[in-house]
Amino acid sequence: MEYSPILHNLYVVPSSHVKNKLFVFCIMLSLWVYMIYCCVGYCSTMPNLAYGSVNRHEKDSEVDNQESSLGASRDLLNNENDLDSRGEEWDEIRGEAKALDDNAMSGFLNESESKKLPQAIIIGVKKGGTRALLEFLRLHPDIRAVGAEPHFFDRNYDRGLKWYRELMPKSSEGQLTMEKTPSYYVTKEVPARIYTMSKDTKLIVVVRDPVTRAISDYTQTRSKKPDILSFESLTFKNMSAGLIDTTWSAVQIGMYAKHLERWLQYFPTEQLLFVSGERLISDPAGEMARVQDFLGLRRVVTEKHFHFNPAKGFPCLKRPEGNSKPHCLGKTKGRTHPNIDPEVVQRLRDFYKPFNSKFYQMTGHDFGWD
């Protein structure tokens, strides 16, 4: 066959063109791979989102500090500031930060999360076991609870619902937002205010033998004020006459039926769950089953999540899937109560008996305190 320059050019040009295209394609492919690699590396090295949550909690703490300077509270705990709960709130915050850390990336990727007003509130009572209940509920994946007590409905109501909503953690569809402030139960204005926010709010009250609760309340106060008067002196207006001082908050809080009357003016009994503080210690899984049913949640928190601590005298939390050390409540829990004159204890029991009987009737549950 005879050599032809024309045929040679036709052959060479397409070959060079193809090579150029392949070269450009390889460069573009390399750039795309590099960009994907950079994106993945960026995501994996982003600052942990728990940092943001800690910032929020620091702001919450600053708000709480501001609250203490706003003047006297309108609730019944006016003479007993939340000094003890300040330290306990940091235990809550650390627990929440850890929970957020475990789910930080999944929350980052879920753009549907938003802050919502609480659909359920633990409204009381002080020294009844509210802290333990909140810690137990935090184990549930469908619960998102704010750390420090907001005190919105009793101390910060004038700040408005927008301010209140900003305190809440972000939650996704199907998750329940909660908060706890034990002083709500005994504050006159609170039932109407919660009803105004949402008449469908579910309310949880953790109650305990009112005599034991009063002694625990006193023990907490004495740990902060060692020079406080004796329990016996504070309990009676007149020791010789045996007249109980119902103005003392430690005594007044335990008059559960009196406070419940206000709540029932706005909410039906079906919207209130009364949790036994005693059973929360002796049978936490059983009591948690009731709470989860009331909130319309799956029974995720069960007996496998609890480990009884004999030294503390109450159950600690554990992760059933791991071998990590059980997490117990703070050192402020499980204080040794002072020895109280048995006669004083009996007089208190006699005083509370009619209130207890009425409370049993109103709730349809005998707590066995008598």
# chains A, B, ... in the order shown; residues from 1 in each chain; ligands from 1
$ select_by_dssp --residues "stretch 132-177 of chain A" --states "alpha helix (DSSP H)" --output "list in words"
Ala132, Leu133, Leu134, Glu135, Phe136, Leu137, Phe152, Phe153, Asp154, Arg155, Gly160, Leu161, Lys162, Trp163, Tyr164, Arg165, Glu166 and Leu167 of chain A
$ write_last_selection --atoms "C-alpha atoms" --output "compact mmCIF listing (two decimals), in the first residue's frame"
# COMPACT_ATOMS: atom_id res chain seq x y z
CA ALA A 132 -33.45 11.49 90.19
CA LEU A 133 -36.49 11.35 87.90
CA LEU A 134 -34.96 13.80 85.43
CA GLU A 135 -31.70 11.81 85.35
CA PHE A 136 -33.65 8.61 84.72
CA LEU A 137 -35.68 10.22 81.92
CA PHE A 152 -39.79 30.67 84.15
CA PHE A 153 -43.35 30.44 85.46
CA ASP A 154 -42.49 31.61 88.99
CA ARG A 155 -39.57 34.04 88.63
CA GLY A 160 -41.85 36.00 77.76
CA LEU A 161 -42.28 32.67 76.01
CA LYS A 162 -39.65 33.49 73.38
CA TRP A 163 -37.00 33.74 76.09
CA TYR A 164 -38.32 30.53 77.65
CA ARG A 165 -38.18 28.64 74.34
CA GLU A 166 -34.57 29.68 73.81
CA LEU A 167 -33.62 27.88 77.04
$ residues_around --residues "A:Phe367" --least-positions-apart "3" --cutoff "10 Å" --atoms "only C-alpha atoms" --output "list in words"
Val207, Arg208, Asp209, Phe274, Val275, Ser276, Gly277, Glu278, Arg279, Asn356, Ser357, Phe359, Tyr360, Thr363, Gly364 and Asp370 of chain A
$ write_last_selection --atoms "all heavy atoms" --output "short mmCIF file (atom, residue, chain, number, x, y, z; two decimals), in the first residue's frame"
data_model
loop_
_atom_site.label_atom_id
_atom_site.label_comp_id
_atom_site.auth_asym_id
_atom_site.auth_seq_id
_atom_site.Cartn_x
_atom_site.Cartn_y
_atom_site.Cartn_z
N VAL A 207 -43.78 13.03 94.71
CA VAL A 207 -44.13 13.29 96.11
C VAL A 207 -43.48 12.25 97.02
O VAL A 207 -43.13 11.15 96.58
CB VAL A 207 -45.66 13.29 96.30
CG1 VAL A 207 -46.28 14.52 95.68
CG2 VAL A 207 -46.29 12.02 95.74
N ARG A 208 -43.36 12.61 98.27
CA ARG A 208 -42.66 11.80 99.26
C ARG A 208 -43.31 12.02 100.61
O ARG A 208 -43.95 13.04 100.83
CB ARG A 208 -41.19 12.27 99.27
CG ARG A 208 -40.25 11.58 100.20
CD ARG A 208 -38.89 12.29 100.09
NE ARG A 208 -37.87 11.67 100.90
CZ ARG A 208 -36.66 12.21 101.09
NH1 ARG A 208 -36.36 13.37 100.52
NH2 ARG A 208 -35.76 11.60 101.83
N ASP A 209 -43.16 11.07 101.52
CA ASP A 209 -43.67 11.22 102.88
C ASP A 209 -43.35 12.65 103.35
O ASP A 209 -42.19 13.04 103.43
CB ASP A 209 -42.99 10.20 103.79
CG ASP A 209 -43.48 10.28 105.23
OD1 ASP A 209 -44.01 11.34 105.63
OD2 ASP A 209 -43.34 9.29 105.96
N PHE A 274 -48.61 11.45 89.47
CA PHE A 274 -47.99 11.56 90.78
C PHE A 274 -47.06 10.38 90.99
O PHE A 274 -47.49 9.23 91.07
CB PHE A 274 -49.07 11.62 91.87
CG PHE A 274 -49.96 12.83 91.72
CD1 PHE A 274 -51.13 12.77 90.96
CD2 PHE A 274 -49.61 14.03 92.31
CE1 PHE A 274 -51.93 13.88 90.80
CE2 PHE A 274 -50.41 15.16 92.15
CZ PHE A 274 -51.57 15.08 91.39
N VAL A 275 -45.79 10.68 91.04
CA VAL A 275 -44.75 9.67 91.15
C VAL A 275 -44.34 9.52 92.62
O VAL A 275 -44.13 10.53 93.31
CB VAL A 275 -43.51 10.04 90.30
CG1 VAL A 275 -42.38 9.05 90.48
CG2 VAL A 275 -43.91 10.16 88.84
N SER A 276 -44.24 8.30 93.08
CA SER A 276 -43.82 8.05 94.46
C SER A 276 -42.31 8.17 94.59
O SER A 276 -41.56 7.42 93.95
CB SER A 276 -44.28 6.65 94.89
OG SER A 276 -43.64 6.27 96.10
N GLY A 277 -41.86 9.11 95.42
CA GLY A 277 -40.44 9.26 95.65
C GLY A 277 -39.82 8.03 96.30
O GLY A 277 -38.66 7.68 96.03
N GLU A 278 -40.61 7.35 97.14
CA GLU A 278 -40.12 6.13 97.79
C GLU A 278 -39.94 5.00 96.77
O GLU A 278 -38.93 4.29 96.78
CB GLU A 278 -41.09 5.69 98.90
CG GLU A 278 -41.09 6.56 100.14
CD GLU A 278 -41.98 7.80 100.02
OE1 GLU A 278 -42.70 7.92 99.00
OE2 GLU A 278 -41.98 8.63 100.92
N ARG A 279 -40.93 4.83 95.89
CA ARG A 279 -40.83 3.77 94.88
C ARG A 279 -39.78 4.08 93.82
O ARG A 279 -39.23 3.17 93.20
CB ARG A 279 -42.19 3.58 94.19
CG ARG A 279 -43.22 2.86 95.05
CD ARG A 279 -44.34 2.30 94.19
NE ARG A 279 -43.88 1.21 93.35
CZ ARG A 279 -44.29 0.99 92.10
NH1 ARG A 279 -45.15 1.81 91.54
NH2 ARG A 279 -43.85 -0.03 91.42
N ASN A 356 -52.89 14.16 104.03
CA ASN A 356 -52.55 12.95 103.27
C ASN A 356 -53.79 12.22 102.81
O ASN A 356 -53.88 11.79 101.65
CB ASN A 356 -51.68 12.01 104.12
CG ASN A 356 -50.29 12.58 104.39
OD1 ASN A 356 -49.86 13.52 103.74
ND2 ASN A 356 -49.59 11.99 105.34
N SER A 357 -54.76 12.08 103.73
CA SER A 357 -55.99 11.37 103.38
C SER A 357 -56.71 12.05 102.22
O SER A 357 -57.19 11.38 101.29
CB SER A 357 -56.92 11.30 104.60
OG SER A 357 -56.32 10.57 105.65
N PHE A 359 -55.30 13.97 99.99
CA PHE A 359 -54.45 13.82 98.82
C PHE A 359 -54.65 12.45 98.17
O PHE A 359 -54.73 12.33 96.95
CB PHE A 359 -52.99 14.04 99.22
CG PHE A 359 -52.02 14.04 98.06
CD1 PHE A 359 -52.07 15.05 97.10
CD2 PHE A 359 -51.06 13.05 97.92
CE1 PHE A 359 -51.17 15.08 96.04
CE2 PHE A 359 -50.16 13.07 96.87
CZ PHE A 359 -50.22 14.08 95.93
N TYR A 360 -54.75 11.40 99.00
CA TYR A 360 -55.00 10.05 98.48
C TYR A 360 -56.32 10.01 97.71
O TYR A 360 -56.42 9.41 96.64
CB TYR A 360 -55.07 9.03 99.62
CG TYR A 360 -53.81 8.88 100.45
CD1 TYR A 360 -53.86 8.25 101.69
CD2 TYR A 360 -52.58 9.37 100.00
CE1 TYR A 360 -52.72 8.10 102.47
CE2 TYR A 360 -51.44 9.22 100.78
CZ TYR A 360 -51.51 8.60 102.01
OH TYR A 360 -50.38 8.45 102.78
N THR A 363 -56.05 12.01 94.31
CA THR A 363 -55.22 11.37 93.28
C THR A 363 -55.64 9.95 92.97
O THR A 363 -55.21 9.38 91.96
CB THR A 363 -53.74 11.36 93.73
OG1 THR A 363 -53.63 10.59 94.94
CG2 THR A 363 -53.23 12.77 93.97
N GLY A 364 -56.46 9.37 93.84
CA GLY A 364 -56.85 7.98 93.64
C GLY A 364 -55.74 7.00 93.93
O GLY A 364 -55.73 5.87 93.42
N ASP A 370 -49.08 6.89 106.14
CA ASP A 370 -49.65 6.87 107.48
C ASP A 370 -49.60 5.46 108.07
O ASP A 370 -50.22 5.21 109.07
CB ASP A 370 -51.11 7.37 107.44
CG ASP A 370 -51.18 8.77 106.86
OD1 ASP A 370 -50.37 9.62 107.28
OD2 ASP A 370 -52.04 9.01 106.01
#
$ residues_around --residues "A:Val211" --least-positions-apart "3" --cutoff "9 Å" --atoms "only C-alpha atoms" --output "MDAnalysis selection string"
chainID A and resid 208 214:216 251 254 345 348:349 352 369
$ residues_around --residues "stretch 110-127 of chain A" --least-positions-apart "2" --cutoff "7 Å" --atoms "only C-alpha atoms" --output "PyMOL selection string"
chain A and resi 106-108+129-130+165-166+168-172+176-185+201-207+213+216-217
$ residues_around --residues "A:Ser230" --least-positions-apart "5" --cutoff "12 Å" --atoms "only C-alpha atoms" --output "MDAnalysis selection string"
chainID A and resid 215 218:219 221:222 225 235:236 338:341 344
$ closest_residue --among "A:Thr336, A:Gln292, A:Ser198, A:Asn309" --to "A:Ser223" --atoms "only C-alpha atoms"
A:Thr336
